[in-house]
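Peer 1: This structure is in structure tokens; I'll ask about it shortly.
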4 protein chains.
Amino acid sequence: MIRFECDYAEGAHERVIQRLVETNMEQTPGYSEDHYCETARGYIRDLCQDDTVAVHFLVGGTQTNALVIAAALRPHQGVIAPMVGHINVHETGAVESYGHKVLAVPCGRDGKITAQDVRNVYHGHWNDVTHEHMVQPGMVYISQPTENGTLYSKAELEAMWEACQDCGLFLFIDGARLGYGLVSEACDLTVPDLVCLSDAFYLGGTKQGLLFGEALVLTNPALKKDFRYLIKQHGGLLAKGRLLGVQFCTMFEDGLYFQAAKEAVDHAMTIRRAFEDRGYPLLFDSYTNQQFPILPDDTLAKLEEEFAFSFWEKVDETRTAVRVCTSWATQKSSVEALIAALDRI
Amino acid sequence: MIRFECDYAEGAHERVIQRLVETNMEQTPGYSEDHYCETARGYIRDLCQDDTVAVHFLVGGTQTNALVIAAALRPHQGVIAPMVGHINVHETGAVESYGHKVLAVPCGRDGKITAQDVRNVYHGHWNDVTHEHMVQPGMVYISQPTENGTLYSKAELEAMWEACQDCGLFLFIDGARLGYGLVSEACDLTVPDLVCLSDAFYLGGTKQGLLFGEALVLTNPALKKDFRYLIKQHGGLLAKGRLLGVQFCTMFEDGLYFQAAKEAVDHAMTIRRAFEDRGYPLLFDSYTNQQFPILPDDTLAKLEEEFAFSFWEKVDETRTAVRVCTSWATQKSSVEALIAALDRI
Amino acid sequence: MIRFECDYAEGAHERVIQRLVETNMEQTPGYSEDHYCETARGYIRDLCQDDTVAVHFLVGGTQTNALVIAAALRPHQGVIAPMVGHINVHETGAVESYGHKVLAVPCGRDGKITAQDVRNVYHGHWNDVTHEHMVQPGMVYISQPTENGTLYSKAELEAMWEACQDCGLFLFIDGARLGYGLVSEACDLTVPDLVCLSDAFYLGGTKQGLLFGEALVLTNPALKKDFRYLIKQHGGLLAKGRLLGVQFCTMFEDGLYFQAAKEAVDHAMTIRRAFEDRGYPLLFDSYTNQQFPILPDDTLAKLEEEFAFSFWEKVDETRTAVRVCTSWATQKSSVEALIAALDRI
Amino acid sequence: MIRFECDYAEGAHERVIQRLVETNMEQTPGYSEDHYCETARGYIRDLCQDDTVAVHFLVGGTQTNALVIAAALRPHQGVIAPMVGHINVHETGAVESYGHKVLAVPCGRDGKITAQDVRNVYHGHWNDVTHEHMVQPGMVYISQPTENGTLYSKAELEAMWEACQDCGLFLFIDGARLGYGLVSEACDLTVPDLVCLSDAFYLGGTKQGLLFGEALVLTNPALKKDFRYLIKQHGGLLAKGRLLGVQFCTMFEDGLYFQAAKEAVDHAMTIRRAFEDRGYPLLFDSYTNQQFPILPDDTLAKLEEEFAFSFWEKVDETRTAVRVCTSWATQKSSVEALIAALDRI
């Protein structure tokens, strides 16, 4: 069975795990105050081309999302997010558990919300005479790439940032798969762009070659204050924080993060083209590591004898969309095997 | 200016305020442990035809809603509610402030959700293999009458209750205007029906002749335990609780609650017919104390010189829907003046 | 039975209830946006000798405390309070229910904490290298008068305010019985002093002649922003907010608040002297409306045949301290009856 | 510099990290639903001699504590803990962030609370007529070993369990260093004893040879229900959950957990005796891996040129207590070097 169902099926990139072995018996201070973390923070600041950003390493995405939102909002404020956004659907109400409503905005097939959507929510709120009876929008949450594998363009993000500035809203970008987005042929955004066009974003590690870990970048000074207290309170301050430092050092010291992401996305695009060439439509127009082909159910059944995918949705009576996911760990031979199977079936 | 914009513009029914005056200097224990509260609880238990229900008196609706939901749900659970439900829109995230997500379900013009909607949410949750990553439905919240003035029929509520029993969900009925519903010609539900067909409901007082106050009825033993602790924690345990007892005694000792509601709804139906007879359509098909006529903007402008309504929505370029609200305090002469104005304009 | 056990046994001052009757059928906008609330806010601003303070009317003390604290603190911050403070003991964890720890400081018989206590907590926190693992102090909560009936002097409050300013802490004064403090012969603080020496305080109403209600004064601009949202979220935005306005208007239009308080404290001092003259010691050195005599158990038993007190603590094998509480409603004849009983027993 | 300041200065036990390397490229399902986690759960159930316990793997202690407490308590309930308990002091208010008060009980030099303490809190609550105004005790939290390195005896834990059963309180044991306790010569408790005498406890991994991880054992069925939802909501459901499974498998497949702990405690006892033999008193009477010698400040200063300890407290003008911590990673040579230095100084 070759698994394409997610991008967290394996452990860590060979170089990452090797570095963990090499540094294993070194004694360091705890709680991310070691030299590995410090070095990794430096690499990420360099990447950001900004020495002033705060960088924090966290274990997972749900934790990171809930934490940033709780740090930013006052009790009566909520966070605008796409209806399909991870925080709205797949985090068991972590945001609500800290007291905040997700103000879910309907979105189209691309899984994105627009600057105009944000302005509409904002003005809808403030123009309502009973606005004090309603949750006040305080932040916008988007993912890059989105849950559907699509990408915000630089123009879209600039418009979103302008809307947020106009409306006094924080803009937070969930980057659990950010590397897979940044290396995409369809992406015209750079890390320094994100620094300029958001208040906080993160460079995902769990899905991009680390055992676990997300590198959170805070650009807005208001968010930086006392942030480590919040990490601790949320149970996110790893005792052996250097594990995060060592892993992110390895990933960012010479560009491994992007190189590994690029290979994954290349594999995904090969798969995309293979489906397209054979006449299988795609549910979403993704240029990142997640592809969503729509397959006849009997074709799918045959493929699933050899390959694992994630079920996405039943498109009609006879067809199903699945998610085919590549990652830093995907072998070229696995991709070829999938294509060969497509031709055979 | 004659005000029809809401049902809480005046103080209390004459008999209620009179009773507060009469009992003013009596010394009683605090926190609803006085004999007035005890008597009022007895009246309500009689009305319920059930000696086992717990009755608690609270100051307002938002408090009552947040409290019942927080008492019932475990941290990972959420409450199913109509998209237009008061808890989803007009309580500044009170439910979320206690950690729970509102699972908002789209609803039609009638503002209702159905038993089938509830079953769909429930099965959608449990059939999803990632359900542990999603907020678990734990309760259903509906209002009787709804925000739109419409009513659940006995058959609809029976179906809803059956769905909730099948799915292991609490059913909670917001009755901020329950009296106006119970006396409606379109209502086939009684208070004992509500006892049998819900886990908790309340008989609203603030909008039905009290200075303030809601009478919460808990039928499910699981909700009764330690409920006064939760009231206190939410800041809802009124020091001079006897104020609630005195008011509800007055309302329920001889049926004033229903008599006053009946007059209000009669006025509302007179108004409804007046609009219908003159060809003005209604936004919602309400047989309770809230009516939602759709008026040409110039007609509306003229009416608003003499009468206050609540803006509801812009229906099209030239017409607006407003809410016309009657209450226990509405004068027959006010209704006649409105109709006369309609004819004059 | 003559009741001295608390200061909320009766309804409202005769003039207050009368005014509620007079204004009963007037139609006003809801949610404290009516002209009575506006006028009452003006009276209180005049009393403060400060036009810039924000004034909000709330129903009860627990609600007010939880609300101000939640409005002021970030998630990782806690509130310093005396071990016997109301928020630490008698509010069923309302502060914690909004996510904040009460940093309880031991206090002596007077129930007070000092500026030095606050500095110690602050420096104890920041000097600890693991401070990020601990709740950060963000606010100081005290009561005037304290739970024990004692008073902070102007010098003590000035020192406390200076400590709070030095340490970057909000200072919040619970004034559930503030009037009884302000009129005490032992009090050298005025309302304008409180404006200068705190970030927020309230003038209690529930225990001082209103049916219910607390008048919260916010002096710090950071606390004022969006405060009505928080009130609504906490279920504290009374629909018929004018009830609070009418009551506070009556109390503050011509000094009734202080006059009624003065009479109550005079009665309390008469009672204090009666106990002292007869050789009964006092548990606390109170010059406000609460007195805490220590009585032989058999004496107490006889008194309790005619009078109700609150049990406070068992002092030793044979003696008990009780609370004897006067209020705006206490009759001179009741005080005389108590003293006569003391002599008779 | 040889570091004795904590037990989380290194990575993982050689065999643990080796196993992570060996299994690195295996594809497994996420979120602890893999076969390694299943096997590890089996080992722990065997250790418990109970097939019915639920076993969950979590990343860290703060998360585990907050989670269990939030899962167990209703909103108005709090958790009884020693004043020095980790949840009361060193978790940045994580428990409060989920709405619950820590009911801190003073404790002596041994850092323990007793069954009688618990009964006193319980009866103090329920015997108070205003108990509904106070946080209701719902759980007892203790640590084994305690923060001070001391141990509850079997008799003490039996008495505590009996008190909890009598009072209807959950008993939860923080076992961040449980292995170091279980192997101590002063410990007469076994894992099956803990299963019988608690509702939940955990076998710490982070401080006992894993990169990170705690193995939570739930014995009470009421706590088991839906626990994975709560883990996810708290950001604790590790995507690559198999990392926890692999590590705990290694630790428990052949007793490595206890063997490594035994070596650490043997080293600690050697250190203890070395201090005692040389006339240095101990702050706490610990028979586990943490020792707390009291040293003259000049002696300490000289030792700290070569060794790192944790500052614990200033005992008097000239002496300081420090924590000397051994772990699975402590080398015999390090212990010998410390003793040699003691003799040299």
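Ordered as shown in the structure tokens, chains take letters A, B, and onward, while each chain numbers its residues from 1 and ligands are numbered from 1 in the order shown.
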Would you mind listing what lies within 10 Å of Lys314 in chain C as an MDAnalysis selection string, with only C-alpha atoms counted and same-chain residues fewer than 6 positions away left out?
Peer 2: chainID C and resid 294:295 297 320:322
Peer 1: Using only C-alpha atoms, which residues sit within 7 Å of range 165-170 of chain A once same-chain residues fewer than 6 positions away are excluded, as number ranges by chain?
Peer 2: A: 122, 138-140, 199
Peer 1: For Phe172 in chain D, please output as an mmCIF file with C-alpha atoms, in the first residue's frame all residues within 7 Å (counting only C-alpha atoms; exclusion window: fewer than 3 positions along the same chain).
Peer 2:
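Okay, selection.cif is ready:
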data_model
loop_
_atom_site.group_PDB
_atom_site.id
_atom_site.type_symbol
_atom_site.label_atom_id
_atom_site.label_comp_id
_atom_site.auth_asym_id
_atom_site.auth_seq_id
_atom_site.Cartn_x
_atom_site.Cartn_y
_atom_site.Cartn_z
ATOM 1 C CA VAL D 140 -7.933 16.435 44.366
ATOM 2 C CA TYR D 141 -4.619 16.899 42.565
ATOM 3 C CA ILE D 142 -1.393 15.588 44.046
ATOM 4 C CA SER D 198 -6.906 7.084 41.745
ATOM 5 C CA ASP D 199 -9.195 8.152 38.919
ATOM 6 C CA ALA D 200 -6.325 9.212 36.696
ATOM 7 C CA PHE D 201 -2.541 9.359 36.849
#
Peer 1: Do a neighbour search on Val195 in chain C at 7 Å with only C-alpha atoms, toss out local chain neighbours closer than 3 positions, and write the hits as a PyMOL selection string.
Peer 2: chain C and resi 48+191-192+198+219
Peer 1: Fewer than 4 positions away in the same chain doesn't count, so skip those; otherwise give me all residues within 12 Å of Gly108 in chain B, counting only C-alpha atoms, as a list in words.
Peer 2: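 Once the adjacent positions are removed, what remains is Pro82, Met83, Val84, Lys112, Ile113, Thr114, Asp117, Thr146, Glu147, Asn148, Thr150, Leu283, Phe284 and Asp285 of chain B.
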Peer 1: Okay, now the selection with N, CA and C atoms, as a PDB file, in the first residue's frame?
Peer 2:
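The file below, again.pdb, is the result:
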ATOM      1  N   PRO B  82     -30.580  27.655  15.035  1.00  0.00           N
ATOM      2  CA  PRO B  82     -30.849  28.261  13.719  1.00  0.00           C
ATOM      3  C   PRO B  82     -29.854  29.403  13.476  1.00  0.00           C
ATOM      4  N   MET B  83     -29.488  29.596  12.236  1.00  0.00           N
ATOM      5  CA  MET B  83     -28.570  30.676  11.876  1.00  0.00           C
ATOM      6  C   MET B  83     -29.042  32.018  12.450  1.00  0.00           C
ATOM      7  N   VAL B  84     -30.355  32.253  12.454  1.00  0.00           N
ATOM      8  CA  VAL B  84     -30.884  33.520  12.974  1.00  0.00           C
ATOM      9  C   VAL B  84     -31.129  33.485  14.487  1.00  0.00           C
ATOM     10  N   LYS B 112     -37.059  28.655  11.515  1.00  0.00           N
ATOM     11  CA  LYS B 112     -37.073  27.391  12.265  1.00  0.00           C
ATOM     12  C   LYS B 112     -36.054  26.407  11.718  1.00  0.00           C
ATOM     13  N   ILE B 113     -35.599  25.510  12.556  1.00  0.00           N
ATOM     14  CA  ILE B 113     -34.878  24.335  12.076  1.00  0.00           C
ATOM     15  C   ILE B 113     -35.763  23.127  12.359  1.00  0.00           C
ATOM     16  N   THR B 114     -35.475  22.054  11.625  1.00  0.00           N
ATOM     17  CA  THR B 114     -36.343  20.885  11.715  1.00  0.00           C
ATOM     18  C   THR B 114     -35.628  19.723  12.398  1.00  0.00           C
ATOM     19  N   ASP B 117     -33.047  18.511  10.161  1.00  0.00           N
ATOM     20  CA  ASP B 117     -31.803  19.295  10.237  1.00  0.00           C
ATOM     21  C   ASP B 117     -30.920  18.782  11.373  1.00  0.00           C
ATOM     22  N   THR B 146     -40.199  31.937  17.452  1.00  0.00           N
ATOM     23  CA  THR B 146     -38.888  32.196  16.877  1.00  0.00           C
ATOM     24  C   THR B 146     -38.623  33.702  16.805  1.00  0.00           C
ATOM     25  N   GLU B 147     -37.416  34.024  16.423  1.00  0.00           N
ATOM     26  CA  GLU B 147     -37.037  35.426  16.188  1.00  0.00           C
ATOM     27  C   GLU B 147     -37.948  36.084  15.154  1.00  0.00           C
ATOM     28  N   ASN B 148     -38.535  35.255  14.313  1.00  0.00           N
ATOM     29  CA  ASN B 148     -39.383  35.783  13.242  1.00  0.00           C
ATOM     30  C   ASN B 148     -40.856  35.767  13.614  1.00  0.00           C
ATOM     31  N   THR B 150     -42.671  33.271  14.359  1.00  0.00           N
ATOM     32  CA  THR B 150     -43.378  32.048  13.971  1.00  0.00           C
ATOM     33  C   THR B 150     -43.349  31.036  15.109  1.00  0.00           C
ATOM     34  N   LEU B 283     -43.371  39.957   5.842  1.00  0.00           N
ATOM     35  CA  LEU B 283     -42.092  39.265   5.627  1.00  0.00           C
ATOM     36  C   LEU B 283     -42.153  37.855   6.197  1.00  0.00           C
ATOM     37  N   PHE B 284     -42.719  37.722   7.368  1.00  0.00           N
ATOM     38  CA  PHE B 284     -42.834  36.410   8.023  1.00  0.00           C
ATOM     39  C   PHE B 284     -44.304  36.174   8.372  1.00  0.00           C
ATOM     40  N   ASP B 285     -44.671  34.913   8.446  1.00  0.00           N
ATOM     41  CA  ASP B 285     -46.068  34.557   8.699  1.00  0.00           C
ATOM     42  C   ASP B 285     -46.279  34.388  10.213  1.00  0.00           C
TER      43      ASP B 285
END
Peer 1: Residues at most 7 Å from Leu203 in chain D, counting only C-alpha atoms, excluding those fewer than 6 positions away in the same chain, as a list in words?
Peer 2: Gly175, Ala176, Leu178, Gly179, Glu214, Ala215 and Leu216 of chain D
Peer 1: Output C-alpha atoms of each residue in that selection to a file, as an mmCIF file, in the first residue's frame.
Peer 2:
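Done, and the output landed in selection.cif:
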data_model
loop_
_atom_site.group_PDB
_atom_site.id
_atom_site.type_symbol
_atom_site.label_atom_id
_atom_site.label_comp_id
_atom_site.auth_asym_id
_atom_site.auth_seq_id
_atom_site.Cartn_x
_atom_site.Cartn_y
_atom_site.Cartn_z
ATOM 1 C CA GLY D 175 3.276 11.579 37.676
ATOM 2 C CA ALA D 176 5.717 13.717 35.708
ATOM 3 C CA LEU D 178 6.450 8.839 38.613
ATOM 4 C CA GLY D 179 9.144 6.372 37.567
ATOM 5 C CA GLU D 214 3.378 11.634 29.108
ATOM 6 C CA ALA D 215 1.321 8.447 29.311
ATOM 7 C CA LEU D 216 -2.005 9.243 30.896
#
Peer 1: Using only C-alpha atoms, determine which residues lie at most 8 Å from range 25-36 of chain C, disregarding the query and same-chain residues fewer than 4 positions distant; provide the list as a list in words.
Peer 2: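 Using only C-alpha atoms, the neighbours found are Arg3, Tyr8, Ala9, Glu10, Gly11, Ala12 and Ala329 of chain B; Ala40, Phe57, Leu237, Leu238, Ala239, Lys240, Gly241, Arg242, Leu244, Gly245, Val246 and Cys249 of chain C.
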Peer 1: With a cut-off of 7 Å, could you pull out the residues of range 85-191 of chain D touching range 85-99 of chain C and give me the nearest pair of atoms for each, distance in Å to one decimal, using only C-alpha atoms, ordered by chain and ascending number, as a tab-separated table?
Peer 2:
residue	atom	partner	partner_atom	distance
D:Glu96	CA	C:Gly99	CA	5.0
D:Ser97	CA	C:Gly99	CA	3.9
D:Tyr98	CA	C:Gly99	CA	6.0
D:Gly99	CA	C:Ser97	CA	3.9
D:His100	CA	C:Glu96	CA	5.7
D:Lys101	CA	C:Glu96	CA	5.8
D:Glu132	CA	C:Thr92	CA	6.9
D:His133	CA	C:His90	CA	4.9
D:Met134	CA	C:Thr92	CA	4.1
D:Val135	CA	C:Thr92	CA	4.4
Peer 1: Mind checking DSSP for range 131-252 of chain B and telling me the strand (DSSP E or B) residues as a list in words?
Peer 2: Gln136, Pro137, Gly138, Met139, Val140, Tyr141, Ile142, Ser143, Phe170, Leu171, Phe172, Ile173, Asp174, Ala200, Phe201, Tyr202, Leu203, Gly204, Glu214, Ala215, Leu216, Val217 and Leu218 of chain B
Peer 1: Distance limit 9 Å, atoms considered: only C-alpha atoms. Which chain C residues sit that close to chain A? Return them as a PyMOL selection string.
Peer 2: chain C and resi 70-71+74-77+98-99+131-136+226+228-230+232-233
Peer 1: Quick one, how far is CA of Asn24 in chain B from CA of Thr288 in chain C?
Peer 2: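 Computed distance, CA of Asn24 in chain B to CA of Thr288 in chain C, equals 24.4 Å.
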Peer 1: Do you have the CA of Leu157 in chain D-CA of Tyr180 in chain D distance handy?
Peer 2: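 According to the coordinates, CA of Leu157 in chain D and CA of Tyr180 in chain D are separated by 17.3 Å.
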Peer 1: Set out as a Markdown table a contact list for range 127-230 of chain C and range 251-271 of chain C with a cut-off of 10 Å, giving each residue of range 127-230 of chain C that qualifies its closest atom pair and distance in Å to one decimal, counting only C-alpha atoms, ordered by chain and rising residue number.
Peer 2:
| residue | atom | partner | partner_atom | distance |
| --- | --- | --- | --- | --- |
| C:Arg177 | CA | C:Ala261 | CA | 9.1 |
| C:Leu178 | CA | C:Ala261 | CA | 9.3 |
| C:Gly179 | CA | C:Ala261 | CA | 5.9 |
| C:Tyr180 | CA | C:Ala261 | CA | 5.2 |
| C:Gly181 | CA | C:Ala261 | CA | 8.5 |
| C:Leu182 | CA | C:Phe258 | CA | 8.0 |
| C:Val183 | CA | C:Lys262 | CA | 5.6 |
| C:Ser184 | CA | C:Val265 | CA | 6.7 |
| C:Glu185 | CA | C:Val265 | CA | 9.1 |
| C:Leu203 | CA | C:Tyr257 | CA | 9.7 |
| C:Gly204 | CA | C:Tyr257 | CA | 9.9 |
| C:Gly205 | CA | C:Tyr257 | CA | 8.6 |
| C:Lys207 | CA | C:Ala261 | CA | 9.7 |
| C:Gln208 | CA | C:Ala261 | CA | 6.8 |
| C:Gly209 | CA | C:Tyr257 | CA | 7.6 |
| C:Leu210 | CA | C:Met251 | CA | 8.2 |
Peer 1: Kindly export the residues of the current selection with C-alpha atoms, as an mmCIF file, in the first residue's frame.
Peer 2:
data_model
loop_
_atom_site.group_PDB
_atom_site.id
_atom_site.type_symbol
_atom_site.label_atom_id
_atom_site.label_comp_id
_atom_site.auth_asym_id
_atom_site.auth_seq_id
_atom_site.Cartn_x
_atom_site.Cartn_y
_atom_site.Cartn_z
ATOM 1 C CA ARG C 177 -20.871 49.368 50.280
ATOM 2 C CA LEU C 178 -18.920 52.444 49.219
ATOM 3 C CA GLY C 179 -21.511 54.904 50.506
ATOM 4 C CA TYR C 180 -21.338 53.413 53.981
ATOM 5 C CA GLY C 181 -17.601 53.961 53.821
ATOM 6 C CA LEU C 182 -17.616 57.480 52.449
ATOM 7 C CA VAL C 183 -19.863 58.791 55.225
ATOM 8 C CA SER C 184 -17.928 57.100 58.030
ATOM 9 C CA GLU C 185 -16.220 59.304 60.605
ATOM 10 C CA LEU C 203 -20.820 53.008 43.942
ATOM 11 C CA GLY C 204 -22.917 50.145 45.222
ATOM 12 C CA GLY C 205 -26.664 50.399 45.011
ATOM 13 C CA LYS C 207 -27.014 47.390 49.577
ATOM 14 C CA GLN C 208 -27.670 51.102 49.691
ATOM 15 C CA GLY C 209 -31.297 51.690 48.909
ATOM 16 C CA LEU C 210 -31.892 50.479 45.363
#
Peer 1: Please identify the helix (DSSP H, G or I) residues within range 249-343 of chain B (assignment by DSSP from backbone atoms) and present them as a PyMOL selection string.
Peer 2: chain B and resi 249-252+256-277+297-303+332-343
Peer 1: Produce a file of the selected residues containing N, CA and C atoms, as a short mmCIF file (atom, residue, chain, number, x, y, z; two decimals), in the first residue's frame.
Peer 2:
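Resulting contents of out05.cif:
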data_model
loop_
_atom_site.label_atom_id
_atom_site.label_comp_id
_atom_site.auth_asym_id
_atom_site.auth_seq_id
_atom_site.Cartn_x
_atom_site.Cartn_y
_atom_site.Cartn_z
N CYS B 249 -45.06 35.76 41.10
CA CYS B 249 -46.29 35.45 41.84
C CYS B 249 -47.48 36.20 41.25
N THR B 250 -47.29 37.48 41.07
CA THR B 250 -48.37 38.32 40.55
C THR B 250 -48.82 37.84 39.18
N MET B 251 -47.87 37.47 38.38
CA MET B 251 -48.19 37.07 37.01
C MET B 251 -48.91 35.74 36.95
N PHE B 252 -48.56 34.82 37.87
CA PHE B 252 -49.07 33.46 37.73
C PHE B 252 -50.13 33.10 38.76
N LEU B 256 -52.66 36.25 35.07
CA LEU B 256 -52.38 37.55 34.45
C LEU B 256 -51.40 37.43 33.30
N TYR B 257 -50.42 36.53 33.48
CA TYR B 257 -49.40 36.34 32.44
C TYR B 257 -50.04 36.07 31.09
N PHE B 258 -50.99 35.17 31.09
CA PHE B 258 -51.60 34.77 29.82
C PHE B 258 -52.62 35.80 29.34
N GLN B 259 -53.34 36.38 30.29
CA GLN B 259 -54.35 37.38 29.92
C GLN B 259 -53.68 38.58 29.25
N ALA B 260 -52.58 39.05 29.85
CA ALA B 260 -51.87 40.20 29.28
C ALA B 260 -51.27 39.85 27.92
N ALA B 261 -50.77 38.63 27.81
CA ALA B 261 -50.19 38.20 26.53
C ALA B 261 -51.27 38.13 25.45
N LYS B 262 -52.44 37.65 25.86
CA LYS B 262 -53.54 37.48 24.90
C LYS B 262 -53.94 38.84 24.33
N GLU B 263 -54.04 39.83 25.18
CA GLU B 263 -54.41 41.16 24.69
C GLU B 263 -53.37 41.68 23.70
N ALA B 264 -52.10 41.45 24.01
CA ALA B 264 -51.04 41.92 23.12
C ALA B 264 -51.12 41.25 21.76
N VAL B 265 -51.36 39.94 21.78
CA VAL B 265 -51.41 39.20 20.52
C VAL B 265 -52.67 39.58 19.75
N ASP B 266 -53.77 39.82 20.45
CA ASP B 266 -54.98 40.29 19.76
C ASP B 266 -54.69 41.60 19.03
N HIS B 267 -54.02 42.50 19.71
CA HIS B 267 -53.63 43.76 19.06
C HIS B 267 -52.76 43.49 17.84
N ALA B 268 -51.82 42.57 17.99
CA ALA B 268 -50.91 42.27 16.87
C ALA B 268 -51.68 41.71 15.68
N MET B 269 -52.67 40.87 15.97
CA MET B 269 -53.44 40.29 14.88
C MET B 269 -54.31 41.34 14.21
N THR B 270 -54.81 42.27 14.98
CA THR B 270 -55.56 43.39 14.40
C THR B 270 -54.66 44.17 13.44
N ILE B 271 -53.44 44.39 13.90
CA ILE B 271 -52.47 45.11 13.06
C ILE B 271 -52.14 44.30 11.81
N ARG B 272 -51.93 43.01 11.99
CA ARG B 272 -51.63 42.14 10.85
C ARG B 272 -52.72 42.23 9.79
N ARG B 273 -53.95 42.09 10.26
CA ARG B 273 -55.06 42.13 9.30
C ARG B 273 -55.16 43.48 8.62
N ALA B 274 -54.87 44.52 9.38
CA ALA B 274 -54.93 45.87 8.81
C ALA B 274 -53.94 46.00 7.65
N PHE B 275 -52.75 45.49 7.86
CA PHE B 275 -51.75 45.55 6.78
C PHE B 275 -52.20 44.67 5.61
N GLU B 276 -52.60 43.45 5.91
CA GLU B 276 -53.01 42.53 4.85
C GLU B 276 -54.18 43.10 4.05
N ASP B 277 -55.15 43.61 4.77
CA ASP B 277 -56.35 44.14 4.09
C ASP B 277 -56.00 45.27 3.15
N ASP B 297 -41.13 52.67 0.88
CA ASP B 297 -40.31 53.54 1.72
C ASP B 297 -40.98 54.88 2.02
N ASP B 298 -41.76 55.39 1.05
CA ASP B 298 -42.39 56.69 1.33
C ASP B 298 -43.54 56.54 2.34
N THR B 299 -44.26 55.44 2.24
CA THR B 299 -45.29 55.16 3.25
C THR B 299 -44.67 55.05 4.64
N LEU B 300 -43.60 54.32 4.67
CA LEU B 300 -42.91 54.12 5.94
C LEU B 300 -42.45 55.45 6.54
N ALA B 301 -41.88 56.28 5.67
CA ALA B 301 -41.36 57.57 6.15
C ALA B 301 -42.48 58.38 6.79
N LYS B 302 -43.66 58.34 6.16
CA LYS B 302 -44.78 59.10 6.73
C LYS B 302 -45.23 58.51 8.07
N LEU B 303 -45.32 57.19 8.11
CA LEU B 303 -45.74 56.54 9.36
C LEU B 303 -44.77 56.86 10.50
N LYS B 332 -55.19 50.00 23.16
CA LYS B 332 -56.08 49.83 22.01
C LYS B 332 -56.05 51.09 21.15
N SER B 333 -55.99 52.23 21.79
CA SER B 333 -56.00 53.50 21.06
C SER B 333 -54.77 53.64 20.17
N SER B 334 -53.66 53.06 20.59
CA SER B 334 -52.43 53.12 19.78
C SER B 334 -52.61 52.31 18.51
N VAL B 335 -53.23 51.16 18.66
CA VAL B 335 -53.48 50.30 17.50
C VAL B 335 -54.42 51.01 16.53
N GLU B 336 -55.46 51.61 17.08
CA GLU B 336 -56.43 52.32 16.23
C GLU B 336 -55.78 53.50 15.52
N ALA B 337 -54.87 54.16 16.24
CA ALA B 337 -54.17 55.29 15.63
C ALA B 337 -53.31 54.84 14.47
N LEU B 338 -52.67 53.69 14.65
CA LEU B 338 -51.83 53.16 13.57
C LEU B 338 -52.67 52.84 12.34
N ILE B 339 -53.80 52.19 12.57
CA ILE B 339 -54.65 51.81 11.44
C ILE B 339 -55.22 53.06 10.76
N ALA B 340 -55.58 53.99 11.58
CA ALA B 340 -56.09 55.25 11.00
C ALA B 340 -55.02 55.92 10.14
N ALA B 341 -53.82 55.89 10.63
CA ALA B 341 -52.72 56.50 9.86
C ALA B 341 -52.51 55.76 8.55
N LEU B 342 -52.62 54.43 8.59
CA LEU B 342 -52.48 53.63 7.37
C LEU B 342 -53.50 54.04 6.33
N ASP B 343 -54.69 54.31 6.79
CA ASP B 343 -55.76 54.69 5.87
C ASP B 343 -55.57 56.11 5.35
#
